[in-house]
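Structure, as structure tokens:
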There are 2 protein chains.
Amino acid sequence: MRAGVTPTVVSHVLHNKANTVRVSEATAARVRAAAKDMGYRLNVLARNFRGRQTFMIGVLHGAGFVRPSLTRGSLYFGLLMDGIVDGAFQRGYSVTLCPKLMGDQPEDAISDGRFDGLLWYSTSPKEENRQMLQRCADPLVLIHTPSEEFGGRFSSVTCDNRQGIGLAVQHLVDLGHRKIAFLSQGTCSTAESRVRLTAFQEEMERHGLTTEGGDFIECGHDNTGLNAYLGAGPRHTAIIGTSDEQAVSAIRAAQEHGISVPEDISIVGFDSTPYCLTVKPNLTSVAQPLYDMGRIAAGLLIDELADSSTPTRAVVLPCGFERRDSTASPRP
Amino acid sequence: MRAGVTPTVVSHVLHNKANTVRVSEATAARVRAAAKDMGYRLNVLARNFRGRQTFMIGVLHGAGFVRPSLTRGSLYFGLLMDGIVDGAFQRGYSVTLCPKLMGDQPEDAISDGRFDGLLWYSTSPKEENRQMLQRCADPLVLIHTPSEEFGGRFSSVTCDNRQGIGLAVQHLVDLGHRKIAFLSQGTCSTAESRVRLTAFQEEMERHGLTTEGGDFIECGHDNTGLNAYLGAGPRHTAIIGTSDEQAVSAIRAAQEHGISVPEDISIVGFDSTPYCLTVKPNLTSVAQPLYDMGRIAAGLLIDELADSSTPTRAVVLPCGFERRDSTASPRP
DNA sequence: GTGAAAGCGCTAACAC
DNA sequence: GTGTTAGCGCTTTCAC
């Protein structure tokens with residue numbers, strides 16, 4: 001090397017600082033000067049290769065092989081990503097969006113050394129995805145899917161769906177609603193939407209309101225179910241949707257059927273994404289803390305990366321509630 | 001190796017396919033079987049290290065050291081990222097958000113082998129950022145900053161600001177407006193906003209309308225400039241903002257001053273992000289093709305990565321125009 | 001306090 | 001068609 005030193009000493013320059021001070025300040029300074037002088041850059045690739053870690057985490061999703069958009073639709077993925085990236089950055093980790101993970105063959109990118117760990121989130125888990133996770137050897141944290149679903153093998157971050165639905169029911173009951181329907185996707189519905197549906201039944205009962213088959217609307221492809229329900233004249237004064245997107249669809253469909261929101265019918269969403277503001281009236285919605293969920297999930301993962309003896313945890317975050325303009329008291 | 005072969009042969013398994021067929025199909029099959037059997041995974045780290053490339057691109061931004069949010073504000077960054085990621089994925093490249101690039105010391109991450117190339121975008125280029133780019137040895141493509149600004153050293157993707165402003169002026173003139181103001185940030189305004197301001201002057205002249213100092217409103221910190229202008233009673237029937245965020249601020253501020261949009265004053269934004277839909281009335285805006293700009297920039301970069309003799313290019317994309325509800329004919 | 005040497009897993013060049 | 005070898009740039013013993 002230029003400063004008349006060995007490659008060993010370079011290792012100290014960037015890495016060994018606090019560890020063991022095995023180099024005199026004199027030579028250290030000389031090395032630093034020489035390094036700067038010749039524009040020396042540490043080769044991160046070589047270092048990562050040697051150390052078998054990349055300080056990168058990957059984001060997997062369980063909804064098939066189409067990359068979610070950061071900006072279209074409800075901003076769901078964007079909110080999660082904002083949290084994930086902030087959580088990772090705080091700890092010096094990078095977040096990589098990798099075609100192998102999002103698209104073609106996720107299993108090729110898992111355990112190929114590319115990522116120190118993975119975040120997996122799912123709005124509609126498919127069986128093939130579950131199997132891939134079972135085979136996954138990398139550290140991984142689940143978002144939306146409770147840890148128990150994989151026997152506690154992975155940590156998880158979820159929101160309290162039960163309590164969230166409770167807030168929606170409470171709000172509507174407080175406004176005077178008694179006939180409340182629950183809107184879900186129907187077939188191929190997600191695990192979470194099933195939890196929310198059950199929570200709806202239970203929360204209704206808590207208020208002394210029983211539910212029956214007719215209280216569950218299935219959106220259906222192209223909103224056929226929703227349109228059929230609205231076309232026949234709504235039998236309820238309020239609808240709770242499983243997601244903002246479904247609730248927004250419901251508002252639009254209602255308006256097309258000449259039904260006013262919230263005068264004729266109140267509608268509540270779930271997630272409280274900025275999407276709520278793109279419809280008139282603005283959608284009242286249960287607030288799922290997506291940003292925090294992403295941030296905390298990244299934190300849990302990095303905890304496990306830093307110390308592999310860290311026990312897995314199942315974090316459940318409470319939901320909030322954002323009242324906007326799509327709910328009102330029913331007509332007397 | 002298990003199949004009684006050498007490490008060399010493993011190299012064929014994934015890489016050498018079409019190159020030279022120097023291995024018999026018999027052994028190839030044997031190797032593949034053994035590999036699968038023992039769960040062999042190619043170590044991408046080692047491969048990248050060896051090949052000195054990572055197939056990853058990094059995204060730098062020139063607005064200082066705060067990471068832009070994907071979901072807050074105008075969704076500007078999210079739209080760009082959606083395009084960048086799609087453009088990169090199409091060619092098998094990953095996109096990494098790296099704290100070193102977004103935050104602390106970008107220069108540490110540049111040329112450390114982490115990225116094959118960089119995308120640099122800027123809404124407000126600072127001198128220190130310019131200098132960093134000058135020093136940058138990695139392939140890099142500029143977004144928003146024309147190639148000429150760096151003597152053609154980097155390729156660039158920009159929108160046609162001139163033509164975009166032309167669309168806004170044309171629209172307002174068609175509606176019957178003659179007294180049109182231009183709203184910009186004022187101090188520390190961006191290079192693009194200066195281009196847009198000049199374009200405004202020129203386009204106004206094209207319609208036989210002259211502009212003077214009073215036609216340029218400077219938003220100012222905390223909207224002080226904007227509020228002062230509106231408080232004194234607007235002297236124009238329409239305002240063109242340099243960005244959606246400023247135009248939305250203008251709508252909100254106008255309403256606070258009891259001025260109706262678009263009845264009393266028409267307002268036009270620039271970018272036409274989904275942010276336009278979050279204000280009432282929805283913002284009419286010049287559509288900057290952010291998604292396409294991101295996608296094309298990624299494509300240009302990867303072209304240069306694939307063949308370093310690729311000449312730099314300066315791509316200019318035309319703007320569109322989205323009429324929404326914040327513009328109308330002036331009161332007679 | 002400093003230097004020498006080995007080796008991470010891969011690929012490319014070359015010998016067989 | 002297949003095996004041998006060297007070496008990418010770094011870190012980590014270990015000897016001096």
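Labels for the structure tokens follow display order: chains A, B, ..., residues from 1 in each chain, ligands from 1.
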- Task: Pick out the residues sitting within 9 Å of A:Ile296, and hand them over as a list in words; count only C-alpha atoms (C1' of nucleotides), and ignore anything fewer than 2 positions along from it in its own chain.
- Result: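 Here the qualifying residues turn out to be Gly83, Ile84, Gly87, Val157, Tyr291, Asp292, Met293, Gly294, Ala298, Gly299, Leu300, Leu301 and Val315 of chain A.
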Could the residues in this selection be saved with N, CA and C atoms as a compact mmCIF listing (two decimals), in the first residue's frame?
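Produced file out24.txt, reproduced below:
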# COMPACT_ATOMS: atom_id res chain seq x y z
N GLY A 83 -42.97 2.73 6.32
CA GLY A 83 -42.63 2.28 7.66
C GLY A 83 -41.43 1.33 7.64
N ILE A 84 -41.45 0.41 6.71
CA ILE A 84 -40.36 -0.57 6.61
C ILE A 84 -39.03 0.13 6.36
N GLY A 87 -37.89 2.05 9.41
CA GLY A 87 -37.43 1.11 10.45
C GLY A 87 -36.07 0.55 10.10
N VAL A 157 -46.36 -9.04 13.06
CA VAL A 157 -46.95 -7.75 13.43
C VAL A 157 -48.34 -7.68 12.80
N TYR A 291 -48.09 2.25 8.66
CA TYR A 291 -46.72 2.75 8.75
C TYR A 291 -46.00 2.14 9.96
N ASP A 292 -46.66 2.20 11.11
CA ASP A 292 -46.05 1.65 12.32
C ASP A 292 -45.82 0.15 12.21
N MET A 293 -46.76 -0.52 11.57
CA MET A 293 -46.59 -1.97 11.42
C MET A 293 -45.35 -2.28 10.60
N GLY A 294 -45.14 -1.53 9.54
CA GLY A 294 -43.95 -1.73 8.73
C GLY A 294 -42.68 -1.43 9.52
N ALA A 298 -39.81 -4.23 10.63
CA ALA A 298 -38.40 -4.11 10.28
C ALA A 298 -37.55 -4.19 11.55
N GLY A 299 -38.01 -3.53 12.61
CA GLY A 299 -37.27 -3.55 13.87
C GLY A 299 -37.16 -4.95 14.45
N LEU A 300 -38.25 -5.67 14.46
CA LEU A 300 -38.23 -7.05 14.98
C LEU A 300 -37.25 -7.90 14.20
N LEU A 301 -37.30 -7.76 12.87
CA LEU A 301 -36.43 -8.56 12.01
C LEU A 301 -34.96 -8.26 12.32
N VAL A 315 -46.50 -9.13 17.77
CA VAL A 315 -46.91 -7.78 18.17
C VAL A 315 -48.29 -7.48 17.59
- Would you list which chain C residues are within 8 Å of chain A using only C-alpha atoms (C1' of nucleotides), as a PyMOL selection string? chain C and resi 1-3+8
Fitted copy of chain B on chain A, all Cα, as a compact mmCIF listing (two decimals) with C-alpha atoms, in the first residue's frame:
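See result08.txt below for the written result:
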# COMPACT_ATOMS: atom_id res chain seq x y z
CA MET B 1 -0.04 -0.19 -0.11
CA ARG B 2 0.90 3.37 -0.68
CA ALA B 3 1.49 4.25 2.96
CA GLY B 4 3.90 1.35 3.25
CA VAL B 5 1.42 -0.71 5.19
CA THR B 6 -0.35 -4.00 4.73
CA PRO B 7 -3.90 -4.74 3.70
CA THR B 8 -4.59 -5.68 7.30
CA VAL B 9 -4.33 -2.15 8.43
CA VAL B 10 -7.00 -1.06 6.02
CA SER B 11 -9.34 -3.27 7.94
CA HIS B 12 -8.88 -1.07 10.96
CA VAL B 13 -9.58 2.12 9.03
CA LEU B 14 -13.24 1.43 8.75
CA HIS B 15 -14.11 -1.49 10.92
CA ASN B 16 -12.08 -2.17 14.00
CA LYS B 17 -12.44 1.15 15.71
CA ALA B 18 -13.66 0.38 19.20
CA ASN B 19 -12.72 -3.27 19.11
CA THR B 20 -9.04 -3.65 19.83
CA VAL B 21 -6.72 -0.73 19.36
CA ARG B 22 -3.90 -2.58 17.82
CA VAL B 23 -2.56 0.14 15.66
CA SER B 24 -0.72 3.27 16.62
CA GLU B 25 -2.35 6.56 15.97
CA ALA B 26 0.67 7.55 13.95
CA THR B 27 0.29 4.86 11.31
CA ALA B 28 -3.46 5.15 11.46
CA ALA B 29 -3.22 8.76 10.41
CA ARG B 30 -0.72 7.87 7.70
CA VAL B 31 -3.07 5.20 6.38
CA ARG B 32 -6.06 7.48 6.41
CA ALA B 33 -4.14 10.12 4.53
CA ALA B 34 -2.94 7.67 1.92
CA ALA B 35 -6.41 6.22 1.56
CA LYS B 36 -7.95 9.58 1.00
CA ASP B 37 -5.10 10.58 -1.26
CA MET B 38 -5.56 7.68 -3.62
CA GLY B 39 -9.34 7.83 -3.36
CA TYR B 40 -9.62 4.48 -1.70
CA ARG B 41 -13.11 3.10 -1.28
CA LEU B 42 -14.00 0.13 0.80
CA ASN B 43 -15.47 -2.54 -1.43
CA VAL B 44 -18.73 -3.39 0.26
CA LEU B 45 -19.25 -6.36 -1.99
CA ALA B 46 -16.07 -8.01 -0.80
CA ARG B 47 -16.87 -7.19 2.77
CA ASN B 48 -20.38 -8.53 2.54
CA PHE B 49 -19.14 -11.64 0.83
CA ARG B 50 -16.57 -12.22 3.52
CA GLY B 51 -18.94 -11.49 6.37
CA ARG B 52 -21.86 -13.33 4.82
CA GLN B 53 -24.19 -10.47 5.42
CA THR B 54 -25.49 -7.65 3.32
CA PHE B 55 -27.38 -5.42 5.72
CA MET B 56 -30.22 -5.57 3.29
CA ILE B 57 -33.71 -6.77 3.90
CA GLY B 58 -36.12 -7.88 1.24
CA VAL B 59 -39.86 -7.45 1.09
CA LEU B 60 -41.91 -10.44 0.02
CA HIS B 61 -45.60 -10.37 -0.53
CA GLY B 62 -48.10 -13.10 -0.53
CA ALA B 63 -50.59 -11.91 -3.08
CA GLY B 64 -49.22 -13.67 -6.10
CA PHE B 65 -46.66 -12.45 -8.52
CA VAL B 66 -47.69 -8.95 -9.36
CA ARG B 67 -45.72 -6.20 -7.73
CA PRO B 68 -47.97 -3.94 -5.72
CA SER B 69 -48.03 -0.31 -6.73
CA LEU B 70 -46.81 2.30 -4.30
CA THR B 71 -49.24 4.90 -5.53
CA ARG B 72 -52.25 3.35 -7.13
CA GLY B 73 -55.25 2.20 -5.19
CA SER B 74 -55.32 2.71 -1.48
CA LEU B 75 -51.61 3.41 -0.96
CA TYR B 76 -51.59 0.39 1.23
CA PHE B 77 -48.20 -0.85 0.09
CA GLY B 78 -46.71 2.63 0.08
CA LEU B 79 -47.64 3.18 3.70
CA LEU B 80 -46.19 -0.13 4.72
CA MET B 81 -43.02 0.57 2.77
CA ASP B 82 -42.61 3.99 4.31
CA GLY B 83 -42.62 2.33 7.70
CA ILE B 84 -40.36 -0.53 6.66
CA VAL B 85 -37.81 1.78 5.11
CA ASP B 86 -37.76 4.10 8.11
CA GLY B 87 -37.43 1.16 10.49
CA ALA B 88 -34.60 -0.31 8.46
CA PHE B 89 -32.76 2.97 7.95
CA GLN B 90 -32.76 3.69 11.65
CA ARG B 91 -30.68 0.59 12.14
CA GLY B 92 -28.46 1.07 9.11
CA TYR B 93 -30.19 -1.49 6.95
CA SER B 94 -31.19 -1.07 3.33
CA VAL B 95 -34.43 -2.19 1.78
CA THR B 96 -34.32 -3.80 -1.62
CA LEU B 97 -37.15 -4.34 -4.02
CA CYS B 98 -36.03 -7.32 -6.01
CA PRO B 99 -37.74 -8.75 -9.09
CA LYS B 100 -36.86 -12.23 -7.92
CA LEU B 101 -38.80 -11.60 -4.75
CA MET B 102 -41.71 -9.67 -6.15
CA GLY B 103 -42.10 -11.50 -9.36
CA ASP B 104 -40.62 -14.53 -11.01
CA GLN B 105 -39.34 -17.07 -8.53
CA PRO B 106 -39.21 -15.75 -5.00
CA GLU B 107 -37.67 -18.98 -3.78
CA ASP B 108 -34.59 -18.31 -5.90
CA ALA B 109 -33.82 -15.13 -4.07
CA ILE B 110 -34.54 -16.50 -0.63
CA SER B 111 -31.46 -17.92 1.03
CA ASP B 112 -29.16 -16.99 -1.82
CA GLY B 113 -27.29 -14.63 0.45
CA ARG B 114 -28.84 -11.55 -1.06
CA PHE B 115 -30.81 -10.63 2.03
CA ASP B 116 -30.06 -10.94 5.70
CA GLY B 117 -33.75 -11.30 6.34
CA LEU B 118 -37.19 -10.91 4.87
CA LEU B 119 -40.41 -9.19 5.62
CA TRP B 120 -43.48 -11.01 4.38
CA TYR B 121 -46.81 -9.35 4.24
CA SER B 122 -49.98 -10.63 2.83
CA THR B 123 -53.42 -9.40 2.11
CA SER B 124 -54.40 -12.73 0.62
CA PRO B 125 -52.12 -15.60 1.49
CA LYS B 126 -52.06 -18.40 -1.02
CA GLU B 127 -51.26 -21.93 -0.13
CA GLU B 128 -48.20 -21.95 -2.39
CA ASN B 129 -46.87 -18.93 -0.52
CA ARG B 130 -47.38 -20.62 2.80
CA GLN B 131 -45.37 -23.56 1.60
CA MET B 132 -42.59 -21.31 0.41
CA LEU B 133 -42.39 -19.75 3.86
CA GLN B 134 -42.28 -23.16 5.49
CA ARG B 135 -39.22 -23.95 3.39
CA CYS B 136 -37.63 -20.58 4.00
CA ALA B 137 -34.41 -20.75 5.98
CA ASP B 138 -33.87 -16.99 6.27
CA PRO B 139 -34.97 -14.94 9.23
CA LEU B 140 -38.40 -13.62 8.44
CA VAL B 141 -41.09 -11.50 10.04
CA LEU B 142 -44.75 -11.70 9.13
CA ILE B 143 -46.95 -8.67 8.64
CA HIS B 144 -50.71 -9.19 8.94
CA THR B 145 -50.38 -12.90 9.48
CA PRO B 146 -50.29 -13.87 13.14
CA SER B 147 -47.26 -15.75 14.36
CA GLU B 148 -49.44 -18.67 15.44
CA GLU B 149 -50.27 -19.50 11.83
CA PHE B 150 -46.74 -20.79 11.49
CA GLY B 151 -46.54 -22.30 14.92
CA GLY B 152 -44.68 -19.33 16.34
CA ARG B 153 -41.70 -19.93 14.10
CA PHE B 154 -41.70 -16.33 12.85
CA SER B 155 -42.36 -13.08 14.63
CA SER B 156 -45.41 -11.17 13.47
CA VAL B 157 -46.94 -7.73 13.47
CA THR B 158 -50.68 -7.43 13.13
CA CYS B 159 -53.33 -4.93 14.02
CA ASP B 160 -56.12 -5.68 16.42
CA ASN B 161 -58.80 -6.44 13.85
CA ARG B 162 -61.32 -7.33 16.47
CA GLN B 163 -60.94 -4.06 18.31
CA GLY B 164 -60.90 -2.13 15.01
CA ILE B 165 -64.19 -3.59 13.89
CA GLY B 166 -65.45 -2.88 17.38
CA LEU B 167 -64.73 0.82 16.85
CA ALA B 168 -66.66 0.82 13.59
CA VAL B 169 -69.68 -0.92 15.10
CA GLN B 170 -69.59 1.32 18.15
CA HIS B 171 -69.48 4.43 15.97
CA LEU B 172 -72.46 3.33 13.91
CA VAL B 173 -74.46 2.23 16.92
CA ASP B 174 -73.72 5.57 18.59
CA LEU B 175 -75.12 7.28 15.52
CA GLY B 176 -78.28 5.27 15.92
CA HIS B 177 -77.77 2.53 13.36
CA ARG B 178 -79.18 -0.90 14.05
CA LYS B 179 -79.29 -2.49 10.62
CA ILE B 180 -75.64 -2.82 9.68
CA ALA B 181 -74.21 -4.95 6.88
CA PHE B 182 -70.71 -6.27 6.40
CA LEU B 183 -69.15 -6.09 2.94
CA SER B 184 -66.38 -8.47 1.97
CA GLN B 185 -64.76 -9.68 -1.18
CA GLY B 186 -66.52 -13.00 -1.05
CA THR B 187 -64.66 -15.91 -2.59
CA CYS B 188 -60.91 -16.05 -2.12
CA SER B 189 -61.33 -13.69 0.78
CA THR B 190 -58.31 -13.12 2.92
CA ALA B 191 -57.56 -14.49 6.35
CA GLU B 192 -57.81 -11.02 7.81
CA SER B 193 -61.14 -10.33 6.21
CA ARG B 194 -62.44 -13.51 7.79
CA VAL B 195 -61.21 -12.35 11.18
CA ARG B 196 -62.94 -9.03 10.59
CA LEU B 197 -66.13 -10.72 9.59
CA THR B 198 -66.19 -12.80 12.75
CA ALA B 199 -65.35 -9.74 14.79
CA PHE B 200 -68.30 -8.01 13.18
CA GLN B 201 -70.65 -10.75 14.30
CA GLU B 202 -69.29 -10.69 17.81
CA GLU B 203 -69.29 -6.93 18.14
CA MET B 204 -72.84 -6.74 16.86
CA GLU B 205 -73.87 -9.25 19.47
CA ARG B 206 -72.15 -7.21 22.15
CA HIS B 207 -74.61 -4.48 21.27
CA GLY B 208 -77.49 -6.87 21.36
CA LEU B 209 -77.77 -6.96 17.59
CA THR B 210 -77.96 -10.30 15.92
CA THR B 211 -76.62 -10.93 12.44
CA GLU B 212 -77.92 -13.25 9.77
CA GLY B 213 -76.88 -14.32 6.32
CA GLY B 214 -78.45 -11.32 4.62
CA ASP B 215 -76.20 -9.00 6.58
CA PHE B 216 -73.15 -10.21 4.73
CA ILE B 217 -72.73 -8.74 1.28
CA GLU B 218 -70.23 -10.31 -1.04
CA CYS B 219 -68.77 -7.76 -3.36
CA GLY B 220 -68.13 -10.22 -6.14
CA HIS B 221 -66.27 -9.79 -9.39
CA ASP B 222 -66.96 -6.45 -11.08
CA ASN B 223 -69.05 -5.54 -8.05
CA THR B 224 -71.86 -7.79 -9.25
CA GLY B 225 -72.82 -8.80 -5.73
CA LEU B 226 -72.65 -5.23 -4.52
CA ASN B 227 -74.74 -3.93 -7.42
CA ALA B 228 -77.32 -6.65 -6.96
CA TYR B 229 -77.68 -5.72 -3.30
CA LEU B 230 -77.93 -2.00 -3.98
CA GLY B 231 -80.19 -2.46 -7.00
CA ALA B 232 -82.76 -4.27 -4.87
CA GLY B 233 -82.80 -1.32 -2.49
CA PRO B 234 -80.53 -1.52 0.54
CA ARG B 235 -81.99 -3.29 3.54
CA HIS B 236 -79.50 -1.70 5.92
CA THR B 237 -78.71 1.83 7.03
CA ALA B 238 -74.97 1.26 7.22
CA ILE B 239 -72.24 -0.87 5.66
CA ILE B 240 -68.83 -1.75 7.05
CA GLY B 241 -66.29 -2.72 4.37
CA THR B 242 -63.29 -4.98 4.85
CA SER B 243 -61.01 -2.43 3.20
CA ASP B 244 -61.00 1.14 2.03
CA GLU B 245 -61.09 0.01 -1.55
CA GLN B 246 -64.25 -1.98 -1.06
CA ALA B 247 -65.87 0.79 0.93
CA VAL B 248 -65.00 3.31 -1.77
CA SER B 249 -66.44 0.97 -4.38
CA ALA B 250 -69.57 0.81 -2.27
CA ILE B 251 -69.86 4.60 -2.12
CA ARG B 252 -69.47 4.89 -5.88
CA ALA B 253 -71.88 2.07 -6.58
CA ALA B 254 -74.45 3.50 -4.17
CA GLN B 255 -74.26 6.86 -5.88
CA GLU B 256 -74.74 5.23 -9.26
CA HIS B 257 -77.89 3.68 -7.91
CA GLY B 258 -79.12 7.09 -6.78
CA ILE B 259 -78.51 6.28 -3.13
CA SER B 260 -76.93 9.17 -1.19
CA VAL B 261 -74.06 8.67 1.21
CA PRO B 262 -74.34 9.29 4.11
CA GLU B 263 -77.97 10.47 3.96
CA ASP B 264 -79.44 7.18 2.76
CA ILE B 265 -76.69 4.91 3.91
CA SER B 266 -73.53 5.23 5.99
CA ILE B 267 -70.35 3.52 4.87
CA VAL B 268 -67.20 2.73 6.87
CA GLY B 269 -63.89 1.49 5.48
CA PHE B 270 -60.88 -0.25 6.98
CA ASP B 271 -57.28 1.02 6.83
CA SER B 272 -57.90 4.77 6.69
CA THR B 273 -55.45 5.26 3.85
CA PRO B 274 -55.26 8.56 1.95
CA TYR B 275 -57.57 6.83 -0.51
CA CYS B 276 -60.39 7.83 1.83
CA LEU B 277 -59.89 11.42 0.72
CA THR B 278 -60.28 10.70 -2.97
CA VAL B 279 -63.97 9.99 -2.80
CA LYS B 280 -66.87 12.28 -2.01
CA PRO B 281 -67.97 12.10 0.70
CA ASN B 282 -64.60 11.35 2.29
CA LEU B 283 -64.61 7.87 3.73
CA THR B 284 -64.90 7.29 7.47
CA SER B 285 -62.56 4.41 8.23
CA VAL B 286 -60.94 2.26 10.89
CA ALA B 287 -57.31 3.32 11.02
CA GLN B 288 -54.88 0.49 10.69
CA PRO B 289 -51.42 1.73 11.68
CA LEU B 290 -49.73 0.52 8.50
CA TYR B 291 -46.72 2.79 8.79
CA ASP B 292 -46.06 1.68 12.36
CA MET B 293 -46.61 -1.93 11.45
CA GLY B 294 -43.94 -1.69 8.77
CA ARG B 295 -41.54 0.12 11.03
CA ILE B 296 -42.00 -2.28 13.91
CA ALA B 297 -41.72 -5.33 11.67
CA ALA B 298 -38.39 -4.07 10.34
CA GLY B 299 -37.27 -3.51 13.92
CA LEU B 300 -38.23 -7.02 15.02
CA LEU B 301 -36.42 -8.53 12.07
CA ILE B 302 -33.25 -6.56 12.70
CA ASP B 303 -33.37 -7.49 16.38
CA GLU B 304 -33.33 -11.12 15.35
CA LEU B 305 -30.57 -10.50 12.84
CA ALA B 306 -28.43 -8.80 15.45
CA ASP B 307 -28.96 -11.59 17.97
CA SER B 308 -30.21 -14.87 16.66
CA SER B 309 -31.25 -15.94 20.16
CA THR B 310 -33.94 -13.25 20.20
CA PRO B 311 -37.23 -15.03 20.81
CA THR B 312 -39.97 -14.57 18.24
CA ARG B 313 -42.67 -12.13 19.20
CA ALA B 314 -46.23 -11.48 18.12
CA VAL B 315 -46.91 -7.75 18.20
CA VAL B 316 -50.53 -6.61 17.99
CA LEU B 317 -51.19 -2.93 17.43
CA PRO B 318 -54.44 -1.20 18.28
CA CYS B 319 -56.52 0.38 15.54
CA GLY B 320 -57.70 3.95 15.51
CA PHE B 321 -60.79 5.47 13.98
CA GLU B 322 -61.08 8.37 11.57
CA ARG B 323 -64.49 9.85 11.26
CA ARG B 324 -64.97 11.61 7.97
CA ASP B 325 -68.07 12.35 5.92
CA SER B 326 -69.44 8.99 4.83
CA THR B 327 -71.28 8.29 8.09
CA ALA B 328 -74.24 10.02 9.71
CA SER B 329 -77.29 9.16 11.74
CA PRO B 330 -79.88 7.18 9.83
CA ARG B 331 -83.04 8.95 8.63
CA PRO B 332 -85.60 8.84 11.43
What residues in chain D lie within 8 Å of chain A, counting only C-alpha atoms (C1' of nucleotides), written as a PDB file with N, CA and C atoms (P, O5', C5', C4', C3', O3' and C1' of nucleotides), in the first residue's frame?
ATOM      1  P    DG D   9      -9.974  -6.442  -6.645  1.00  0.00           P
ATOM      2  O5'  DG D   9     -10.323  -6.289  -5.103  1.00  0.00           O
ATOM      3  C5'  DG D   9     -11.632  -5.892  -4.732  1.00  0.00           C
ATOM      4  C4'  DG D   9     -11.792  -6.118  -3.261  1.00  0.00           C
ATOM      5  C3'  DG D   9     -10.793  -5.367  -2.380  1.00  0.00           C
ATOM      6  O3'  DG D   9     -11.562  -4.696  -1.407  1.00  0.00           O
ATOM      7  C1'  DG D   9     -10.864  -7.648  -1.784  1.00  0.00           C
ATOM      8  P    DC D  10     -10.976  -3.812  -0.264  1.00  0.00           P
ATOM      9  O5'  DC D  10     -11.306  -4.709   0.996  1.00  0.00           O
ATOM     10  C5'  DC D  10     -12.657  -4.911   1.376  1.00  0.00           C
ATOM     11  C4'  DC D  10     -12.770  -6.215   2.110  1.00  0.00           C
ATOM     12  C3'  DC D  10     -12.225  -6.199   3.523  1.00  0.00           C
ATOM     13  O3'  DC D  10     -13.286  -5.802   4.383  1.00  0.00           O
ATOM     14  C1'  DC D  10     -11.731  -8.247   2.369  1.00  0.00           C
ATOM     15  P    DT D  11     -12.905  -5.370   5.863  1.00  0.00           P
ATOM     16  O5'  DT D  11     -12.675  -6.784   6.548  1.00  0.00           O
ATOM     17  C5'  DT D  11     -13.794  -7.609   6.805  1.00  0.00           C
ATOM     18  C4'  DT D  11     -13.318  -8.918   7.370  1.00  0.00           C
ATOM     19  C3'  DT D  11     -12.789  -8.818   8.811  1.00  0.00           C
ATOM     20  O3'  DT D  11     -13.415  -9.873   9.502  1.00  0.00           O
ATOM     21  C1'  DT D  11     -11.217  -9.935   7.454  1.00  0.00           C
TER      22       DT D  11
END
- Task: Using atom C1' of C:DG7 and atom C1' of D:DC14 as the two end points, give the distance in Å to one decimal.
- Result: 14.4 Å
Can you pull out the residues contacting D:DA6? Cut-off 12 Å, using only C-alpha atoms (C1' of nucleotides), and skip same-chain residues under 5 positions away; I want them as a CSV table (one decimal) with C-alpha atoms (C1' of nucleotides), in the first residue's frame.
chain,number,residue,atom,x,y,z
C,10,DC,C1',-17.6,-18.2,-7.3
C,11,DT,C1',-15.9,-18.0,-12.4
C,12,DA,C1',-12.6,-17.8,-16.2
C,13,DA,C1',-8.5,-19.5,-18.3
C,14,DC,C1',-6.2,-23.1,-19.3
- Task: Could you pull out the residues in stretch 77-219 of chain A that DSSP calls alpha helix (DSSP H) from the backbone, as a ChimeraX atom specification?
- Result: /A:77-90,99-102,106-109,127-135,161-175,191-206
